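Q: Contents of model_3.txt (compact mmCIF, N, CA and C atoms) are given next:
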# COMPACT_ATOMS: atom_id res chain seq x y z
N MET A 1 126.38 58.80 20.28
CA MET A 1 127.09 57.60 19.87
C MET A 1 128.54 57.74 20.28
N ASP A 2 129.08 56.72 20.89
CA ASP A 2 130.48 56.65 21.31
C ASP A 2 131.36 56.37 20.10
N VAL A 3 132.44 57.16 19.95
CA VAL A 3 133.34 56.97 18.82
C VAL A 3 133.91 55.56 18.80
N GLY A 4 134.10 54.96 19.97
CA GLY A 4 134.62 53.61 20.05
C GLY A 4 133.68 52.57 19.47
N SER A 5 132.41 52.91 19.31
CA SER A 5 131.45 51.95 18.76
C SER A 5 131.32 52.05 17.24
N ILE A 6 132.09 52.93 16.62
CA ILE A 6 132.09 53.05 15.16
C ILE A 6 132.92 51.91 14.59
N ASN A 7 132.38 51.22 13.60
CA ASN A 7 133.10 50.14 12.93
C ASN A 7 134.16 50.77 12.02
N PRO A 8 135.46 50.56 12.30
CA PRO A 8 136.50 51.25 11.53
C PRO A 8 136.56 50.82 10.06
N GLY A 9 136.30 49.57 9.77
CA GLY A 9 136.32 49.12 8.38
C GLY A 9 135.21 49.74 7.56
N LEU A 10 134.01 49.77 8.12
CA LEU A 10 132.88 50.35 7.39
C LEU A 10 133.00 51.86 7.29
N ALA A 11 133.57 52.49 8.32
CA ALA A 11 133.82 53.93 8.26
C ALA A 11 134.85 54.24 7.17
N THR A 12 135.85 53.39 7.06
CA THR A 12 136.86 53.57 6.01
C THR A 12 136.23 53.39 4.63
N ALA A 13 135.36 52.39 4.49
CA ALA A 13 134.66 52.19 3.22
C ALA A 13 133.84 53.41 2.86
N SER A 14 133.21 54.03 3.86
CA SER A 14 132.43 55.24 3.63
C SER A 14 133.31 56.37 3.11
N VAL A 15 134.45 56.57 3.76
CA VAL A 15 135.37 57.63 3.34
C VAL A 15 135.92 57.34 1.95
N LEU A 16 136.28 56.09 1.68
CA LEU A 16 136.79 55.72 0.36
C LEU A 16 135.74 55.94 -0.73
N ALA A 17 134.48 55.63 -0.44
CA ALA A 17 133.41 55.88 -1.42
C ALA A 17 133.27 57.38 -1.67
N LEU A 18 133.42 58.18 -0.62
CA LEU A 18 133.34 59.64 -0.78
C LEU A 18 134.53 60.16 -1.60
N ILE A 19 135.72 59.63 -1.35
CA ILE A 19 136.89 60.01 -2.14
C ILE A 19 136.69 59.61 -3.60
N THR A 20 136.15 58.41 -3.81
CA THR A 20 135.88 57.94 -5.17
C THR A 20 134.87 58.86 -5.85
N PHE A 21 133.86 59.30 -5.11
CA PHE A 21 132.91 60.28 -5.65
C PHE A 21 133.64 61.54 -6.09
N GLY A 22 134.55 62.03 -5.25
CA GLY A 22 135.29 63.24 -5.59
C GLY A 22 136.16 63.07 -6.82
N VAL A 23 136.87 61.95 -6.90
CA VAL A 23 137.70 61.67 -8.07
C VAL A 23 136.83 61.57 -9.31
N HIS A 24 135.74 60.82 -9.20
CA HIS A 24 134.83 60.62 -10.34
C HIS A 24 134.23 61.95 -10.80
N THR A 25 133.71 62.71 -9.85
CA THR A 25 132.97 63.92 -10.19
C THR A 25 133.86 65.06 -10.66
N PHE A 26 134.94 65.30 -9.93
CA PHE A 26 135.73 66.49 -10.22
C PHE A 26 136.91 66.23 -11.16
N VAL A 27 137.66 65.17 -10.93
CA VAL A 27 138.78 64.86 -11.82
C VAL A 27 138.23 64.25 -13.12
N GLY A 28 137.41 63.23 -12.99
CA GLY A 28 136.83 62.61 -14.17
C GLY A 28 135.93 63.54 -14.94
N GLY A 29 135.25 64.42 -14.23
CA GLY A 29 134.37 65.38 -14.91
C GLY A 29 135.13 66.27 -15.87
N VAL A 30 136.32 66.68 -15.47
CA VAL A 30 137.14 67.55 -16.32
C VAL A 30 137.78 66.77 -17.47
N PHE A 31 138.33 65.59 -17.15
CA PHE A 31 139.11 64.86 -18.15
C PHE A 31 138.33 63.82 -18.94
N VAL A 32 137.11 63.50 -18.51
CA VAL A 32 136.32 62.50 -19.23
C VAL A 32 134.98 63.06 -19.67
N ALA A 33 134.20 63.58 -18.73
CA ALA A 33 132.84 64.00 -19.06
C ALA A 33 132.81 65.19 -20.02
N ARG A 34 133.64 66.19 -19.78
CA ARG A 34 133.64 67.36 -20.69
C ARG A 34 134.06 66.97 -22.10
N PRO A 35 135.16 66.22 -22.26
CA PRO A 35 135.51 65.79 -23.64
C PRO A 35 134.43 64.91 -24.26
N LEU A 36 133.78 64.09 -23.46
CA LEU A 36 132.70 63.26 -23.97
C LEU A 36 131.59 64.13 -24.56
N LEU A 37 131.21 65.18 -23.83
CA LEU A 37 130.16 66.07 -24.32
C LEU A 37 130.58 66.83 -25.57
N ALA A 38 131.87 67.01 -25.77
CA ALA A 38 132.36 67.72 -26.95
C ALA A 38 132.49 66.79 -28.16
N SER A 39 132.32 65.50 -27.95
CA SER A 39 132.49 64.53 -29.02
C SER A 39 131.49 64.76 -30.15
N ARG A 40 132.00 64.65 -31.36
CA ARG A 40 131.13 64.72 -32.54
C ARG A 40 131.04 63.36 -33.21
N GLU A 41 131.68 62.36 -32.58
CA GLU A 41 131.69 61.01 -33.15
C GLU A 41 130.52 60.17 -32.65
N LEU A 42 129.95 60.53 -31.51
CA LEU A 42 128.84 59.77 -30.94
C LEU A 42 127.52 60.37 -31.41
N THR A 43 126.53 59.49 -31.54
CA THR A 43 125.19 60.00 -31.85
C THR A 43 124.68 60.74 -30.61
N PRO A 44 123.75 61.66 -30.77
CA PRO A 44 123.23 62.36 -29.59
C PRO A 44 122.67 61.41 -28.53
N ALA A 45 121.98 60.36 -28.95
CA ALA A 45 121.41 59.42 -27.98
C ALA A 45 122.52 58.72 -27.19
N SER A 46 123.58 58.28 -27.86
CA SER A 46 124.68 57.62 -27.17
C SER A 46 125.43 58.58 -26.26
N LEU A 47 125.68 59.78 -26.73
CA LEU A 47 126.38 60.78 -25.94
C LEU A 47 125.62 61.09 -24.66
N TRP A 48 124.34 61.37 -24.78
CA TRP A 48 123.56 61.77 -23.60
C TRP A 48 123.25 60.59 -22.68
N LEU A 49 123.19 59.38 -23.22
CA LEU A 49 123.04 58.20 -22.37
C LEU A 49 124.31 57.99 -21.54
N ASN A 50 125.48 58.19 -22.16
CA ASN A 50 126.74 58.11 -21.41
C ASN A 50 126.79 59.17 -20.32
N TYR A 51 126.34 60.36 -20.63
CA TYR A 51 126.32 61.45 -19.65
C TYR A 51 125.38 61.12 -18.49
N TYR A 52 124.24 60.55 -18.83
CA TYR A 52 123.28 60.11 -17.81
C TYR A 52 123.90 59.05 -16.91
N CYS A 53 124.57 58.06 -17.51
CA CYS A 53 125.22 57.00 -16.73
C CYS A 53 126.31 57.58 -15.84
N TRP A 54 127.00 58.62 -16.32
CA TRP A 54 128.01 59.29 -15.50
C TRP A 54 127.37 59.79 -14.20
N HIS A 55 126.22 60.41 -14.33
CA HIS A 55 125.56 60.95 -13.14
C HIS A 55 124.95 59.85 -12.26
N ILE A 56 124.56 58.74 -12.84
CA ILE A 56 124.10 57.61 -12.04
C ILE A 56 125.22 57.15 -11.13
N VAL A 57 126.42 57.05 -11.67
CA VAL A 57 127.57 56.62 -10.86
C VAL A 57 127.85 57.65 -9.76
N SER A 58 127.73 58.92 -10.07
CA SER A 58 127.93 59.96 -9.04
C SER A 58 126.96 59.75 -7.89
N ALA A 59 125.69 59.54 -8.20
CA ALA A 59 124.67 59.32 -7.17
C ALA A 59 124.95 58.02 -6.42
N LEU A 60 125.32 56.97 -7.14
CA LEU A 60 125.61 55.68 -6.52
C LEU A 60 126.73 55.82 -5.49
N LEU A 61 127.78 56.54 -5.83
CA LEU A 61 128.91 56.69 -4.91
C LEU A 61 128.51 57.46 -3.65
N LEU A 62 127.67 58.45 -3.79
CA LEU A 62 127.18 59.16 -2.60
C LEU A 62 126.33 58.24 -1.73
N VAL A 63 125.49 57.44 -2.35
CA VAL A 63 124.66 56.49 -1.60
C VAL A 63 125.55 55.44 -0.92
N MET A 64 126.58 54.98 -1.62
CA MET A 64 127.51 54.02 -1.01
C MET A 64 128.19 54.63 0.21
N SER A 65 128.64 55.87 0.09
CA SER A 65 129.29 56.53 1.22
C SER A 65 128.34 56.66 2.39
N ALA A 66 127.13 57.11 2.12
CA ALA A 66 126.14 57.27 3.20
C ALA A 66 125.77 55.92 3.81
N GLY A 67 125.58 54.91 2.97
CA GLY A 67 125.20 53.58 3.46
C GLY A 67 126.28 52.96 4.33
N PHE A 68 127.53 53.03 3.88
CA PHE A 68 128.63 52.52 4.70
C PHE A 68 128.75 53.32 6.00
N GLY A 69 128.57 54.63 5.90
CA GLY A 69 128.63 55.46 7.10
C GLY A 69 127.54 55.08 8.10
N TRP A 70 126.34 54.85 7.59
CA TRP A 70 125.22 54.44 8.44
C TRP A 70 125.53 53.10 9.11
N ALA A 71 126.02 52.16 8.31
CA ALA A 71 126.32 50.83 8.84
C ALA A 71 127.49 50.87 9.83
N ALA A 72 128.42 51.81 9.64
CA ALA A 72 129.55 51.93 10.57
C ALA A 72 129.08 52.34 11.96
N ALA A 73 128.02 53.13 12.00
CA ALA A 73 127.52 53.65 13.29
C ALA A 73 126.38 52.81 13.86
N HIS A 74 125.76 51.97 13.03
CA HIS A 74 124.60 51.19 13.45
C HIS A 74 124.81 49.71 13.11
N PRO A 75 125.23 48.91 14.08
CA PRO A 75 125.51 47.50 13.82
C PRO A 75 124.33 46.73 13.22
N ASP A 76 123.12 47.19 13.44
CA ASP A 76 121.95 46.51 12.88
C ASP A 76 121.79 46.77 11.38
N ALA A 77 122.65 47.61 10.80
CA ALA A 77 122.58 47.92 9.37
C ALA A 77 123.66 47.18 8.58
N ARG A 78 124.12 46.07 9.12
CA ARG A 78 125.17 45.31 8.43
C ARG A 78 124.71 44.78 7.07
N ASP A 79 123.41 44.57 6.91
CA ASP A 79 122.91 44.11 5.62
C ASP A 79 123.14 45.16 4.54
N VAL A 80 123.05 46.43 4.91
CA VAL A 80 123.34 47.52 3.96
C VAL A 80 124.80 47.44 3.55
N ALA A 81 125.69 47.29 4.53
CA ALA A 81 127.12 47.18 4.24
C ALA A 81 127.42 45.95 3.40
N ALA A 82 126.72 44.86 3.66
CA ALA A 82 126.93 43.64 2.87
C ALA A 82 126.57 43.88 1.41
N LEU A 83 125.43 44.49 1.17
CA LEU A 83 125.01 44.79 -0.20
C LEU A 83 126.03 45.70 -0.89
N LEU A 84 126.47 46.75 -0.21
CA LEU A 84 127.41 47.69 -0.81
C LEU A 84 128.78 47.05 -1.04
N THR A 85 129.19 46.16 -0.16
CA THR A 85 130.47 45.45 -0.34
C THR A 85 130.39 44.53 -1.56
N VAL A 86 129.28 43.83 -1.71
CA VAL A 86 129.09 42.97 -2.89
C VAL A 86 129.08 43.81 -4.16
N MET A 87 128.44 44.96 -4.11
CA MET A 87 128.42 45.84 -5.29
C MET A 87 129.84 46.25 -5.67
N GLY A 88 130.64 46.65 -4.69
CA GLY A 88 132.03 47.01 -4.97
C GLY A 88 132.80 45.83 -5.53
N ALA A 89 132.53 44.64 -5.00
CA ALA A 89 133.20 43.43 -5.48
C ALA A 89 132.81 43.09 -6.92
N ILE A 90 131.67 43.56 -7.36
CA ILE A 90 131.25 43.37 -8.76
C ILE A 90 131.82 44.47 -9.64
N PHE A 91 131.79 45.72 -9.15
CA PHE A 91 132.21 46.86 -9.97
C PHE A 91 133.70 46.85 -10.29
N SER A 92 134.55 46.42 -9.34
CA SER A 92 135.99 46.44 -9.59
C SER A 92 136.39 45.51 -10.74
N PRO A 93 136.05 44.22 -10.69
CA PRO A 93 136.43 43.37 -11.84
C PRO A 93 135.70 43.74 -13.13
N LEU A 94 134.50 44.28 -13.02
CA LEU A 94 133.80 44.75 -14.21
C LEU A 94 134.60 45.87 -14.89
N CYS A 95 135.11 46.78 -14.09
CA CYS A 95 135.92 47.88 -14.62
C CYS A 95 137.20 47.34 -15.26
N ILE A 96 137.81 46.36 -14.61
CA ILE A 96 139.02 45.74 -15.17
C ILE A 96 138.71 45.09 -16.51
N TRP A 97 137.60 44.37 -16.57
CA TRP A 97 137.19 43.70 -17.82
C TRP A 97 136.95 44.71 -18.93
N VAL A 98 136.26 45.82 -18.61
CA VAL A 98 135.98 46.85 -19.62
C VAL A 98 137.29 47.47 -20.11
N ALA A 99 138.21 47.74 -19.20
CA ALA A 99 139.50 48.31 -19.59
C ALA A 99 140.24 47.36 -20.54
N ILE A 100 140.31 46.09 -20.16
CA ILE A 100 140.99 45.11 -21.00
C ILE A 100 140.31 44.99 -22.35
N LYS A 101 138.99 44.95 -22.34
CA LYS A 101 138.22 44.86 -23.59
C LYS A 101 138.52 46.06 -24.50
N GLY A 102 138.75 47.23 -23.88
CA GLY A 102 139.05 48.43 -24.66
C GLY A 102 140.53 48.60 -24.97
N GLY A 103 141.36 47.61 -24.57
CA GLY A 103 142.78 47.71 -24.85
C GLY A 103 143.50 48.73 -23.97
N ILE A 104 142.96 48.97 -22.79
CA ILE A 104 143.51 49.96 -21.86
C ILE A 104 144.02 49.22 -20.62
N ALA A 105 145.15 49.65 -20.10
CA ALA A 105 145.67 49.04 -18.87
C ALA A 105 144.68 49.29 -17.74
N PRO A 106 144.26 48.25 -17.00
CA PRO A 106 143.24 48.41 -15.96
C PRO A 106 143.59 49.43 -14.89
N TRP A 107 144.88 49.58 -14.57
CA TRP A 107 145.24 50.55 -13.53
C TRP A 107 145.05 51.99 -13.98
N ARG A 108 144.82 52.19 -15.29
CA ARG A 108 144.54 53.54 -15.79
C ARG A 108 143.09 53.95 -15.53
N PHE A 109 142.25 52.99 -15.16
CA PHE A 109 140.87 53.28 -14.78
C PHE A 109 140.81 53.29 -13.25
N PRO A 110 140.76 54.46 -12.64
CA PRO A 110 140.77 54.52 -11.17
C PRO A 110 139.65 53.70 -10.52
N ALA A 111 138.53 53.55 -11.20
CA ALA A 111 137.41 52.81 -10.60
C ALA A 111 137.79 51.38 -10.27
N SER A 112 138.68 50.78 -11.07
CA SER A 112 139.05 49.38 -10.81
C SER A 112 139.68 49.23 -9.44
N TRP A 113 140.63 50.08 -9.10
CA TRP A 113 141.29 49.92 -7.80
C TRP A 113 140.57 50.65 -6.69
N LEU A 114 139.82 51.72 -6.99
CA LEU A 114 139.06 52.40 -5.93
C LEU A 114 137.93 51.50 -5.42
N PHE A 115 137.21 50.83 -6.33
CA PHE A 115 136.17 49.90 -5.87
C PHE A 115 136.78 48.70 -5.16
N ALA A 116 137.99 48.28 -5.55
CA ALA A 116 138.66 47.19 -4.84
C ALA A 116 138.98 47.62 -3.41
N LEU A 117 139.43 48.86 -3.24
CA LEU A 117 139.72 49.36 -1.89
C LEU A 117 138.44 49.46 -1.05
N ILE A 118 137.36 49.92 -1.65
CA ILE A 118 136.08 50.01 -0.94
C ILE A 118 135.64 48.61 -0.50
N THR A 119 135.77 47.64 -1.40
CA THR A 119 135.41 46.25 -1.08
C THR A 119 136.27 45.72 0.07
N ALA A 120 137.57 45.96 -0.01
CA ALA A 120 138.48 45.49 1.05
C ALA A 120 138.12 46.11 2.39
N ALA A 121 137.79 47.40 2.40
CA ALA A 121 137.39 48.06 3.65
C ALA A 121 136.07 47.49 4.15
N GLY A 122 135.14 47.20 3.25
CA GLY A 122 133.88 46.58 3.65
C GLY A 122 134.12 45.22 4.28
N LEU A 123 135.00 44.43 3.69
CA LEU A 123 135.33 43.12 4.25
C LEU A 123 136.01 43.27 5.61
N TRP A 124 136.86 44.26 5.73
CA TRP A 124 137.51 44.55 7.01
C TRP A 124 136.44 44.86 8.05
N GLY A 125 135.43 45.62 7.64
CA GLY A 125 134.33 45.95 8.56
C GLY A 125 133.59 44.73 9.07
N PHE A 126 133.49 43.70 8.24
CA PHE A 126 132.82 42.48 8.70
C PHE A 126 133.72 41.64 9.58
N ALA A 127 135.03 41.78 9.40
CA ALA A 127 135.97 41.04 10.24
C ALA A 127 136.14 41.71 11.61
N ALA A 128 135.85 43.01 11.68
CA ALA A 128 136.06 43.76 12.93
C ALA A 128 135.00 43.41 13.96
Here is the file; what I need is its structure written in the form of structure tokens.
A:
Amino acid sequence: MDVGSINPGLATASVLALITFGVHTFVGGVFVARPLLASRELTPASLWLNYYCWHIVSALLLVMSAGFGWAAAHPDARDVAALLTVMGAIFSPLCIWVAIKGGIAPWRFPASWLFALITAAGLWGFAA
């Protein structure tokens, strides 16, 4: 595959999804997941369901990175990029809504702006 045939927007979305995975897994894991597991205020079912959802997001971000990467190199996979771009466009405002609902400034939740960046890169990929 010729490097010139790589879609730069979708490749950027892939890298951003991978960065988001790293932030979520390693930074969030230390500052959010570990304290969550130490909580004595949540019932065991709620605590472990939250932990399960944490890992769902980890897997989702890896799939998003791989999917955008695949679509960046294979123009016939634009439908994959379209689905992932729409997902990012849903996840960013959802994160903002959850932050506001919890009385937290939305910019304090990295997912709100990281998913917005992934969405913007996906849209750039369709414009390219």
Q: Can you list, as a PyMOL selection string, all residues belonging to chain A that DSSP tags as alpha helix (DSSP H)?
A: chain A and resi 8-22+28+34-38+44-73+78-101+110-127
Q: Between A:Gly28, A:Gly122, A:Gly102, A:Pro35, single out the one closest to Leu84 of chain A, counting only C-alpha atoms.
A: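 Nearest candidate to Leu84 of chain A out of A:Gly28, A:Gly122, A:Gly102, A:Pro35: A:Gly122.
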Q: Set the distance at 8 Å and use only N, CA and C atoms: which residues neighbour segment 53-60 of chain A once local chain neighbours fewer than 6 positions away are removed? I'd like the list as a ChimeraX atom specification.
A: /A:17,20-22,24-25,33,47,66
Q: With distances taken over all atoms listed in the file, which of A:Ala120, A:Val32, A:Ala128, A:Ile6 is nearest to Thr85 of chain A?
A: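 The closest residue to Thr85 of chain A is A:Ala120.
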Q: Would you work out the distance separating atom CA of Trp124 of chain A from atom CA of Leu10 of chain A, expressed in Å to one decimal?
A: 7.4 Å
Q: For the atom pair atom CA of Ser46 of chain A and atom CA of Arg34 of chain A, what is the interatomic distance in Å to one decimal place?
A: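 Atom-to-atom, atom CA of Ser46 of chain A and atom CA of Arg34 of chain A are spaced 14.7 Å apart.
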Q: Atom C of Gly67 of chain A and atom N of Leu114 of chain A are how many Å apart?
A: 17.7 Å
Q: Any idea what's packed within 8 Å of segment 78-83 of chain A, counting all atoms listed in the file, ignoring anything in its chain fewer than 6 positions away? Could you give it as an NGL selection string?
A: :A and (10 or 67-72 or 89 or 122-123)
Q: Using only N, CA and C atoms, collect all residues at a distance of at most 8 Å from (138.2, 55.5, -19.8) as written in the file, then present them as a list of chain:residue names.
A: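 It turns out the residues near that spot are A:Val32, A:Ala99, A:Ile104, A:Arg108, A:Phe109, A:Pro110.
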